[in-house]
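K.L.:
Hey, dropping coords_21.cif in here, mmCIF, C-alpha atoms:
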```
data_final
loop_
_atom_site.label_atom_id
_atom_site.label_comp_id
_atom_site.auth_asym_id
_atom_site.auth_seq_id
_atom_site.Cartn_x
_atom_site.Cartn_y
_atom_site.Cartn_z
CA MET A 28 99.99 122.51 102.99
CA SER A 29 102.97 120.50 101.72
CA LYS A 30 102.53 116.92 100.65
CA LYS A 31 104.87 114.44 102.31
CA LEU A 32 105.55 112.39 99.18
CA GLU A 33 105.64 115.19 96.63
CA GLY A 34 107.49 114.13 93.49
CA LYS A 35 108.11 110.57 94.63
CA ILE A 36 107.66 107.51 92.42
CA ALA A 37 106.12 104.48 94.15
CA ILE A 38 105.13 100.93 93.35
CA VAL A 39 102.41 99.06 95.22
CA THR A 40 102.10 95.37 94.44
CA GLY A 41 98.64 93.95 94.94
CA GLY A 42 97.41 97.50 94.58
CA SER A 43 93.98 96.86 93.10
CA THR A 44 92.04 96.12 96.31
CA GLY A 45 92.23 96.27 100.09
CA ILE A 46 95.29 97.68 101.83
CA GLY A 47 97.16 98.01 98.54
CA LEU A 48 94.47 100.15 96.95
CA ALA A 49 94.09 102.29 100.06
CA THR A 50 97.84 102.83 100.16
CA ALA A 51 98.01 103.77 96.49
CA LYS A 52 95.28 106.35 97.14
CA GLU A 53 97.16 107.72 100.14
CA PHE A 54 100.43 107.91 98.23
CA VAL A 55 98.77 109.86 95.43
CA ALA A 56 97.05 112.15 97.95
CA GLN A 57 100.49 112.84 99.43
CA GLY A 58 101.92 113.82 96.03
CA ALA A 59 103.44 110.60 94.67
CA TYR A 60 103.06 109.00 91.27
CA VAL A 61 102.09 105.36 91.79
CA PHE A 62 102.37 102.17 89.80
CA ILE A 63 100.00 99.44 90.99
CA THR A 64 100.10 95.78 90.05
CA GLY A 65 97.54 93.02 90.30
CA ARG A 66 96.56 89.76 88.68
CA ARG A 67 92.99 90.65 87.69
CA GLN A 68 92.36 93.25 85.01
CA ALA A 69 88.83 94.11 86.12
CA GLU A 70 90.02 95.00 89.62
CA LEU A 71 92.89 97.03 88.19
CA ASP A 72 90.49 98.97 85.98
CA ASN A 73 88.25 99.71 88.97
CA ALA A 74 91.26 100.80 91.01
CA LEU A 75 92.33 103.24 88.29
CA LYS A 76 88.89 104.84 88.42
CA GLU A 77 88.99 105.10 92.21
CA ILE A 78 92.48 106.60 92.35
CA GLY A 79 91.79 108.94 89.45
CA SER A 80 95.17 110.42 88.51
CA ASN A 81 98.93 110.00 88.84
CA VAL A 82 98.64 106.23 88.62
CA THR A 83 99.50 103.46 86.16
CA ALA A 84 98.17 99.92 86.49
CA ILE A 85 100.19 96.95 85.26
CA ARG A 86 98.72 93.48 85.18
CA ALA A 87 101.25 91.18 86.78
CA ASP A 88 101.56 88.23 89.14
CA SER A 89 104.15 89.07 91.79
CA SER A 90 105.14 85.40 92.11
CA SER A 91 106.22 85.41 88.44
CA LEU A 92 109.75 86.69 87.96
CA SER A 93 109.14 87.35 84.27
CA ASP A 94 106.09 89.45 85.15
CA LEU A 95 108.20 91.44 87.61
CA ASP A 96 110.81 92.04 84.92
CA LYS A 97 108.12 93.50 82.66
CA VAL A 98 106.84 95.72 85.48
CA TYR A 99 110.26 97.18 86.22
CA ASP A 100 111.16 97.56 82.55
CA GLN A 101 108.03 99.68 82.12
CA ILE A 102 108.73 101.78 85.20
CA LYS A 103 112.33 102.33 84.11
CA GLN A 104 111.19 103.48 80.67
CA GLU A 105 108.44 105.76 81.96
CA LYS A 106 109.93 107.22 85.15
CA GLY A 107 113.53 106.03 85.45
CA ARG A 108 113.44 105.31 89.18
CA ILE A 109 111.41 104.09 92.16
CA ASP A 110 111.62 106.00 95.44
CA ILE A 111 109.14 103.85 97.39
CA VAL A 112 108.39 100.14 97.23
CA PHE A 113 105.38 98.77 99.08
CA ALA A 114 105.62 94.99 98.72
CA ASN A 115 102.05 94.17 99.57
CA ALA A 116 100.83 91.38 97.29
CA GLY A 117 99.83 88.36 99.32
CA ILE A 118 97.31 85.56 99.60
CA ALA A 119 95.83 83.61 102.51
CA ALA A 120 93.85 80.44 103.08
CA PHE A 121 92.95 78.25 106.02
CA ALA A 122 94.40 74.74 106.37
CA PRO A 123 94.81 73.00 109.74
CA LEU A 124 97.78 70.77 110.39
CA GLY A 125 96.92 67.41 108.88
CA SER A 126 95.18 69.01 105.91
CA ILE A 127 98.06 71.07 104.51
CA THR A 128 98.73 70.16 100.88
CA GLU A 129 101.77 70.84 98.77
CA GLU A 130 99.65 73.10 96.59
CA HIS A 131 98.52 75.11 99.63
CA PHE A 132 102.10 75.49 100.86
CA ASP A 133 103.59 76.38 97.49
CA SER A 134 100.91 78.88 96.48
CA ILE A 135 101.16 80.88 99.69
CA PHE A 136 104.95 80.83 99.95
CA ASP A 137 105.33 81.61 96.23
CA THR A 138 103.35 84.83 96.54
CA ASN A 139 104.01 85.93 100.12
CA VAL A 140 107.73 85.12 100.31
CA LYS A 141 109.23 84.38 96.89
CA GLY A 142 107.19 87.09 95.23
CA LEU A 143 108.07 89.62 97.91
CA VAL A 144 111.79 88.77 97.78
CA PHE A 145 112.02 89.30 94.05
CA THR A 146 109.71 92.31 94.08
CA VAL A 147 112.29 94.00 96.27
CA GLN A 148 115.46 92.58 94.72
CA LYS A 149 114.45 93.51 91.18
CA ALA A 150 113.56 97.04 92.34
CA ILE A 151 116.93 97.73 93.94
CA PRO A 152 118.70 98.96 90.77
CA LEU A 153 115.96 101.58 90.33
CA ILE A 154 115.90 102.83 93.93
CA PRO A 155 118.03 105.92 94.62
CA ASP A 156 120.07 106.08 97.80
CA GLY A 157 117.77 107.08 100.64
CA GLY A 158 114.72 105.28 99.26
CA ALA A 159 112.09 103.49 101.31
CA ILE A 160 110.92 99.88 101.22
CA ILE A 161 107.87 98.79 103.20
CA LEU A 162 106.89 95.14 103.53
CA ASN A 163 103.38 94.04 104.46
CA ALA A 164 103.38 91.38 107.16
CA SER A 165 100.79 90.63 109.85
CA ILE A 166 100.44 90.18 113.58
CA THR A 167 100.06 86.48 112.75
CA SER A 168 103.87 86.51 112.65
CA VAL A 169 103.81 86.72 116.47
CA LYS A 170 100.39 85.28 117.34
CA GLY A 171 99.17 81.75 116.84
CA THR A 172 96.04 81.30 114.74
CA ALA A 173 94.31 77.97 114.27
CA ALA A 174 94.44 76.54 110.73
CA PHE A 175 96.59 79.47 109.62
CA SER A 176 100.12 78.15 110.14
CA ILE A 177 101.45 78.42 106.60
CA TYR A 178 100.24 81.98 106.07
CA SER A 179 101.58 82.94 109.51
CA ALA A 180 104.96 81.40 108.70
CA THR A 181 105.21 83.49 105.55
CA LYS A 182 104.62 86.65 107.55
CA ALA A 183 107.28 85.66 110.08
CA ALA A 184 109.64 85.25 107.13
CA VAL A 185 108.77 88.76 105.94
CA ARG A 186 109.71 90.18 109.33
CA SER A 187 113.06 88.39 109.22
CA LEU A 188 113.79 89.61 105.70
CA ALA A 189 113.38 93.22 106.79
CA ARG A 190 115.98 92.82 109.51
CA CYS A 191 118.54 91.36 107.12
CA TRP A 192 117.84 93.75 104.29
CA THR A 193 118.23 96.74 106.58
CA LEU A 194 121.85 95.64 107.01
CA ASP A 195 122.30 94.75 103.34
CA LEU A 196 121.18 98.23 102.29
CA LYS A 197 122.56 100.36 105.12
CA ASP A 198 125.39 101.85 103.04
CA ARG A 199 122.82 103.18 100.59
CA LYS A 200 120.62 104.57 103.40
CA ILE A 201 117.62 102.68 102.01
CA ARG A 202 115.22 102.11 104.88
CA VAL A 203 113.40 98.78 105.09
CA ASN A 204 110.44 98.52 107.46
CA VAL A 205 107.48 96.26 108.08
CA VAL A 206 103.85 97.10 108.75
CA SER A 207 101.93 94.38 110.59
CA PRO A 208 98.17 94.86 110.45
CA GLY A 209 95.70 93.14 112.70
CA PRO A 210 92.32 92.17 111.26
CA VAL A 211 91.32 94.53 108.45
CA ASP A 212 88.02 94.67 106.58
CA THR A 213 89.28 93.78 103.11
CA PRO A 214 88.15 91.53 100.25
CA GLY A 215 91.05 89.23 101.11
CA LEU A 216 89.83 88.71 104.66
CA ASN A 217 86.23 88.31 103.61
CA GLY A 218 87.21 85.77 100.98
CA LEU A 219 88.51 83.38 103.63
CA VAL A 220 84.99 82.23 104.50
CA PRO A 221 81.63 81.86 102.71
CA GLU A 222 79.47 84.99 102.60
CA ASP A 223 77.09 83.72 105.28
CA HIS A 224 80.03 83.25 107.67
CA LYS A 225 81.48 86.74 107.18
CA ALA A 226 79.62 88.38 110.06
CA GLY A 227 80.69 85.61 112.40
CA LEU A 228 84.32 85.97 111.33
CA HIS A 229 84.24 89.73 111.83
CA GLY A 230 82.67 89.33 115.24
CA ALA A 231 85.18 86.74 116.37
CA LEU A 232 88.12 88.83 115.21
CA ALA A 233 86.78 92.07 116.68
CA SER A 234 86.34 90.37 120.04
CA GLN A 235 90.14 89.82 120.15
CA VAL A 236 90.95 93.49 119.51
CA PRO A 237 91.06 95.89 122.49
CA LEU A 238 89.60 98.65 120.31
CA GLY A 239 86.69 96.31 119.59
CA ARG A 240 86.58 96.50 115.80
CA LEU A 241 88.33 95.65 112.58
CA ALA A 242 90.55 98.24 110.92
CA GLN A 243 89.65 99.96 107.69
CA PRO A 244 92.29 99.75 104.93
CA GLY A 245 92.86 103.51 105.01
CA GLU A 246 94.03 103.31 108.61
CA ILE A 247 96.81 100.94 107.62
CA ALA A 248 97.65 103.08 104.59
CA LYS A 249 98.40 106.13 106.73
CA THR A 250 101.05 104.23 108.66
CA ILE A 251 102.59 102.97 105.41
CA ALA A 252 102.70 106.51 104.04
CA PHE A 253 104.46 107.61 107.23
CA LEU A 254 107.10 104.90 106.78
CA ALA A 255 107.56 105.99 103.15
CA SER A 256 108.04 109.63 104.08
CA ASP A 257 110.90 111.66 105.53
CA ASP A 258 108.94 111.78 108.79
CA ALA A 259 110.28 108.24 109.30
CA SER A 260 113.86 109.14 108.36
CA TYR A 261 115.26 107.44 111.47
CA VAL A 262 113.01 104.38 111.38
CA ALA A 263 114.74 101.33 109.93
CA GLY A 264 114.33 97.59 110.41
CA ALA A 265 111.18 98.16 112.45
CA ASP A 266 107.95 96.18 112.62
CA ILE A 267 105.07 98.60 113.18
CA PRO A 268 101.90 96.90 114.42
CA VAL A 269 98.64 98.55 113.34
CA ASP A 270 96.30 96.20 115.13
CA GLY A 271 94.10 98.02 117.62
CA GLY A 272 96.20 96.48 120.36
CA ALA A 273 95.44 92.87 119.40
CA ALA A 274 99.04 91.67 119.64
CA GLN A 275 100.15 94.23 122.22
CA VAL A 276 98.18 93.50 125.37
#
```
Take the structure in this file and express it as structure tokens.
P.N.:
Amino acid sequence: MSKKLEGKIAIVTGGSTGIGLATAKEFVAQGAYVFITGRRQAELDNALKEIGSNVTAIRADSSSLSDLDKVYDQIKQEKGRIDIVFANAGIAAFAPLGSITEEHFDSIFDTNVKGLVFTVQKAIPLIPDGGAIILNASITSVKGTAAFSIYSATKAAVRSLARCWTLDLKDRKIRVNVVSPGPVDTPGLNGLVPEDHKAGLHGALASQVPLGRLAQPGEIAKTIAFLASDDASYVAGADIPVDGGAAQV
């Protein structure tokens, strides 16, 4: 059976846990060689063990332009190109209106928007014509969530960037698409609340999903792999919700 990403070179930012790790695994399973980035060395080391082969981990903060330069310098030296970019690195935190601080605003926008913009822009010289860029957004870009306005605004920005970049890159036939997950059982989600509140958070989120449960990271990864593959050769500028129906009905 042929592998849909055979011979491709991919980068997954924030690839050490959650959706990023699941996507790196799926890319490798589909034949790609994957570079993953993350800020924490211990998580990167664990991810390398889980993925097993055809992967390189680079410690980097996606909101740091100098870190991104080092990442792409290494990829250029080792592989010479990038066929697939999954700009996934992101952070989240609750803060209701009235309690939003400058630090809260800057930290989330720096990673989720600035980091994503320069992750993609700095990759462009290494992407051959016909490459694929996938941006990780969220259904919070179209649904209101209490105490989550700044995070949600960053994800709305991501959706807008994909529309514009599809036009910027159309002459090179580089496809830019967005995946918008609903609630997913990841360390990032679980880290939003204390451990003894996790079950309550899961229950509350699952109650808003027609399918009645949270997604597993691997379910999101399969959609991302589709968008990265030639199976999605006529999909461009799209926002694909993978949300169990939460933002659809």
K.L.:
Evaluate the PyMOL selection byres ((chain A and resi 244) around 7) and record the selected residues as a VMD selection string, following the chain and residue labels used in the document.
P.N.:
chain A and resid 45 to 46 49 211 to 213 242 to 243 245 to 248
K.L.:
If the PyMOL selection byres ((chain A and resi 160-171) around 7) is run on the structure shown, which residues does it catch, given as a list of chain:residue names?
P.N.:
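Applying the PyMOL selection byres ((chain A and resi 160-171) around 7) to the structure shown produces A:Ile111, A:Val112, A:Phe113, A:Ala114, A:Asn115, A:Gly158, A:Ala159, A:Thr172, A:Ala173, A:Ser179, A:Ala180, A:Lys182, A:Ala183, A:Val185, A:Arg186, A:Arg202, A:Val203, A:Asn204, A:Val205, A:Val206, A:Ser207, A:Pro208, A:Gly209, A:Pro268, A:Ala274.
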K.L.:
Near Ile151 in chain A, within 10 Å and counting only C-alpha atoms, which residues show up once chain neighbours fewer than 5 positions away are dropped, as a PyMOL selection string?
P.N.:
chain A and resi 108-110+112+145-146+156+158+160+196+201
K.L.:
Take the selection from the previous step and output its residues with C-alpha atoms, as a PDB file, in the frame of the given file.
P.N.:
```pdb
ATOM      1  CA  ARG A 108     113.440 105.310  89.180  1.00  0.00           C
ATOM      2  CA  ILE A 109     111.410 104.090  92.160  1.00  0.00           C
ATOM      3  CA  ASP A 110     111.620 106.000  95.440  1.00  0.00           C
ATOM      4  CA  VAL A 112     108.390 100.140  97.230  1.00  0.00           C
ATOM      5  CA  PHE A 145     112.020  89.300  94.050  1.00  0.00           C
ATOM      6  CA  THR A 146     109.710  92.310  94.080  1.00  0.00           C
ATOM      7  CA  ASP A 156     120.070 106.080  97.800  1.00  0.00           C
ATOM      8  CA  GLY A 158     114.720 105.280  99.260  1.00  0.00           C
ATOM      9  CA  ILE A 160     110.920  99.880 101.220  1.00  0.00           C
ATOM     10  CA  LEU A 196     121.180  98.230 102.290  1.00  0.00           C
ATOM     11  CA  ILE A 201     117.620 102.680 102.010  1.00  0.00           C
TER      12      ILE A 201
END
```
K.L.:
Between CA of Gln68 in chain A and CA of Gly215 in chain A, what is the distance, to one decimal in Å?
P.N.:
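It comes out at 16.6 Å.
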K.L.:
Give me the result of the PyMOL selection byres ((chain A and resi 58) around 7) on this file, residue by residue, as a list in words.
P.N.:
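What the PyMOL selection byres ((chain A and resi 58) around 7) grabs from the file is Lys30, Lys31, Leu32, Glu33, Gly34, Phe54, Val55, Ala56, Gln57, Ala59 and Tyr60 of chain A.
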K.L.:
Using the selection just defined, write its residues with C-alpha atoms as an mmCIF file, in the frame of the given file.
P.N.:
```
data_model
loop_
_atom_site.group_PDB
_atom_site.id
_atom_site.type_symbol
_atom_site.label_atom_id
_atom_site.label_comp_id
_atom_site.auth_asym_id
_atom_site.auth_seq_id
_atom_site.Cartn_x
_atom_site.Cartn_y
_atom_site.Cartn_z
ATOM 1 C CA LYS A 30 102.530 116.920 100.650
ATOM 2 C CA LYS A 31 104.870 114.440 102.310
ATOM 3 C CA LEU A 32 105.550 112.390 99.180
ATOM 4 C CA GLU A 33 105.640 115.190 96.630
ATOM 5 C CA GLY A 34 107.490 114.130 93.490
ATOM 6 C CA PHE A 54 100.430 107.910 98.230
ATOM 7 C CA VAL A 55 98.770 109.860 95.430
ATOM 8 C CA ALA A 56 97.050 112.150 97.950
ATOM 9 C CA GLN A 57 100.490 112.840 99.430
ATOM 10 C CA ALA A 59 103.440 110.600 94.670
ATOM 11 C CA TYR A 60 103.060 109.000 91.270
#
```
K.L.:
Find, counting only C-alpha atoms, the residue in A:Gly142, A:Ala120, A:Ile102, A:Asp133 that gets nearest to Ile154 in chain A.
P.N.:
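For Ile154 in chain A, the nearest of the candidates is A:Ile102.
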K.L.:
Write a file for range 43-83 of chain A of the given structure; include N, CA and C atoms and format it as a compact mmCIF listing (two decimals), in the first residue's frame.
P.N.:
```
# COMPACT_ATOMS: atom_id res chain seq x y z
N SER A 43 6.04 18.31 20.11
CA SER A 43 6.46 17.39 21.16
C SER A 43 5.31 16.79 21.95
N THR A 44 4.12 17.38 21.87
CA THR A 44 2.97 16.87 22.60
C THR A 44 1.69 17.13 21.80
N GLY A 45 0.60 16.52 22.25
CA GLY A 45 -0.72 16.85 21.74
C GLY A 45 -0.91 16.64 20.25
N ILE A 46 -1.59 17.58 19.61
CA ILE A 46 -1.89 17.48 18.18
C ILE A 46 -0.60 17.47 17.36
N GLY A 47 0.38 18.26 17.77
CA GLY A 47 1.64 18.30 17.04
C GLY A 47 2.34 16.96 17.01
N LEU A 48 2.42 16.31 18.16
CA LEU A 48 3.05 14.99 18.24
C LEU A 48 2.27 13.97 17.43
N ALA A 49 0.96 13.98 17.56
CA ALA A 49 0.14 13.03 16.80
C ALA A 49 0.31 13.23 15.30
N THR A 50 0.43 14.49 14.89
CA THR A 50 0.60 14.77 13.47
C THR A 50 1.98 14.33 12.98
N ALA A 51 3.00 14.58 13.78
CA ALA A 51 4.33 14.10 13.40
C ALA A 51 4.34 12.59 13.22
N LYS A 52 3.68 11.88 14.13
CA LYS A 52 3.58 10.42 14.00
C LYS A 52 2.87 10.02 12.71
N GLU A 53 1.77 10.71 12.42
CA GLU A 53 1.00 10.39 11.22
C GLU A 53 1.80 10.70 9.95
N PHE A 54 2.51 11.81 9.95
CA PHE A 54 3.35 12.14 8.80
C PHE A 54 4.39 11.05 8.55
N VAL A 55 5.05 10.63 9.62
CA VAL A 55 6.07 9.58 9.48
C VAL A 55 5.42 8.28 9.00
N ALA A 56 4.27 7.94 9.54
CA ALA A 56 3.57 6.72 9.12
C ALA A 56 3.20 6.77 7.64
N GLN A 57 2.99 7.99 7.13
CA GLN A 57 2.64 8.15 5.72
C GLN A 57 3.86 8.38 4.83
N GLY A 58 5.08 8.20 5.40
CA GLY A 58 6.28 8.20 4.58
C GLY A 58 7.13 9.44 4.61
N ALA A 59 6.75 10.44 5.40
CA ALA A 59 7.52 11.69 5.43
C ALA A 59 8.67 11.62 6.42
N TYR A 60 9.65 12.50 6.21
CA TYR A 60 10.67 12.78 7.21
C TYR A 60 10.24 14.07 7.90
N VAL A 61 10.27 14.07 9.24
CA VAL A 61 9.67 15.17 9.99
C VAL A 61 10.68 15.82 10.94
N PHE A 62 10.69 17.14 10.91
CA PHE A 62 11.37 17.94 11.93
C PHE A 62 10.31 18.46 12.89
N ILE A 63 10.52 18.24 14.19
CA ILE A 63 9.61 18.78 15.19
C ILE A 63 10.34 19.81 16.03
N THR A 64 9.62 20.82 16.47
CA THR A 64 10.20 21.81 17.37
C THR A 64 9.38 21.88 18.65
N GLY A 65 10.01 22.38 19.68
CA GLY A 65 9.34 22.58 20.96
C GLY A 65 10.27 23.32 21.89
N ARG A 66 9.69 23.86 22.95
CA ARG A 66 10.49 24.67 23.88
C ARG A 66 11.14 23.85 24.99
N ARG A 67 10.61 22.64 25.26
CA ARG A 67 11.07 21.86 26.41
C ARG A 67 11.80 20.61 25.93
N GLN A 68 13.05 20.48 26.34
CA GLN A 68 13.88 19.39 25.87
C GLN A 68 13.36 18.03 26.31
N ALA A 69 12.87 17.93 27.53
CA ALA A 69 12.39 16.64 28.02
C ALA A 69 11.24 16.12 27.17
N GLU A 70 10.30 17.01 26.82
CA GLU A 70 9.18 16.60 25.98
C GLU A 70 9.65 16.23 24.57
N LEU A 71 10.63 16.96 24.06
CA LEU A 71 11.18 16.62 22.75
C LEU A 71 11.83 15.24 22.76
N ASP A 72 12.57 14.95 23.82
CA ASP A 72 13.22 13.64 23.93
C ASP A 72 12.18 12.52 23.98
N ASN A 73 11.10 12.74 24.74
CA ASN A 73 10.04 11.73 24.80
C ASN A 73 9.36 11.56 23.46
N ALA A 74 9.17 12.67 22.74
CA ALA A 74 8.54 12.60 21.42
C ALA A 74 9.40 11.80 20.45
N LEU A 75 10.71 12.00 20.50
CA LEU A 75 11.60 11.23 19.63
C LEU A 75 11.45 9.74 19.86
N LYS A 76 11.33 9.35 21.13
CA LYS A 76 11.16 7.93 21.45
C LYS A 76 9.83 7.41 20.92
N GLU A 77 8.79 8.21 21.05
CA GLU A 77 7.47 7.78 20.59
C GLU A 77 7.41 7.66 19.07
N ILE A 78 8.01 8.61 18.37
CA ILE A 78 7.95 8.58 16.91
C ILE A 78 8.87 7.51 16.35
N GLY A 79 10.07 7.43 16.88
CA GLY A 79 10.93 6.28 16.60
C GLY A 79 11.94 6.45 15.49
N SER A 80 11.54 6.93 14.33
CA SER A 80 12.46 7.03 13.19
C SER A 80 12.00 8.15 12.27
N ASN A 81 12.89 8.53 11.35
CA ASN A 81 12.60 9.56 10.36
C ASN A 81 12.13 10.87 11.00
N VAL A 82 12.80 11.24 12.07
CA VAL A 82 12.42 12.46 12.79
C VAL A 82 13.65 13.10 13.40
N THR A 83 13.68 14.43 13.40
CA THR A 83 14.69 15.22 14.09
C THR A 83 13.98 16.23 14.97
```
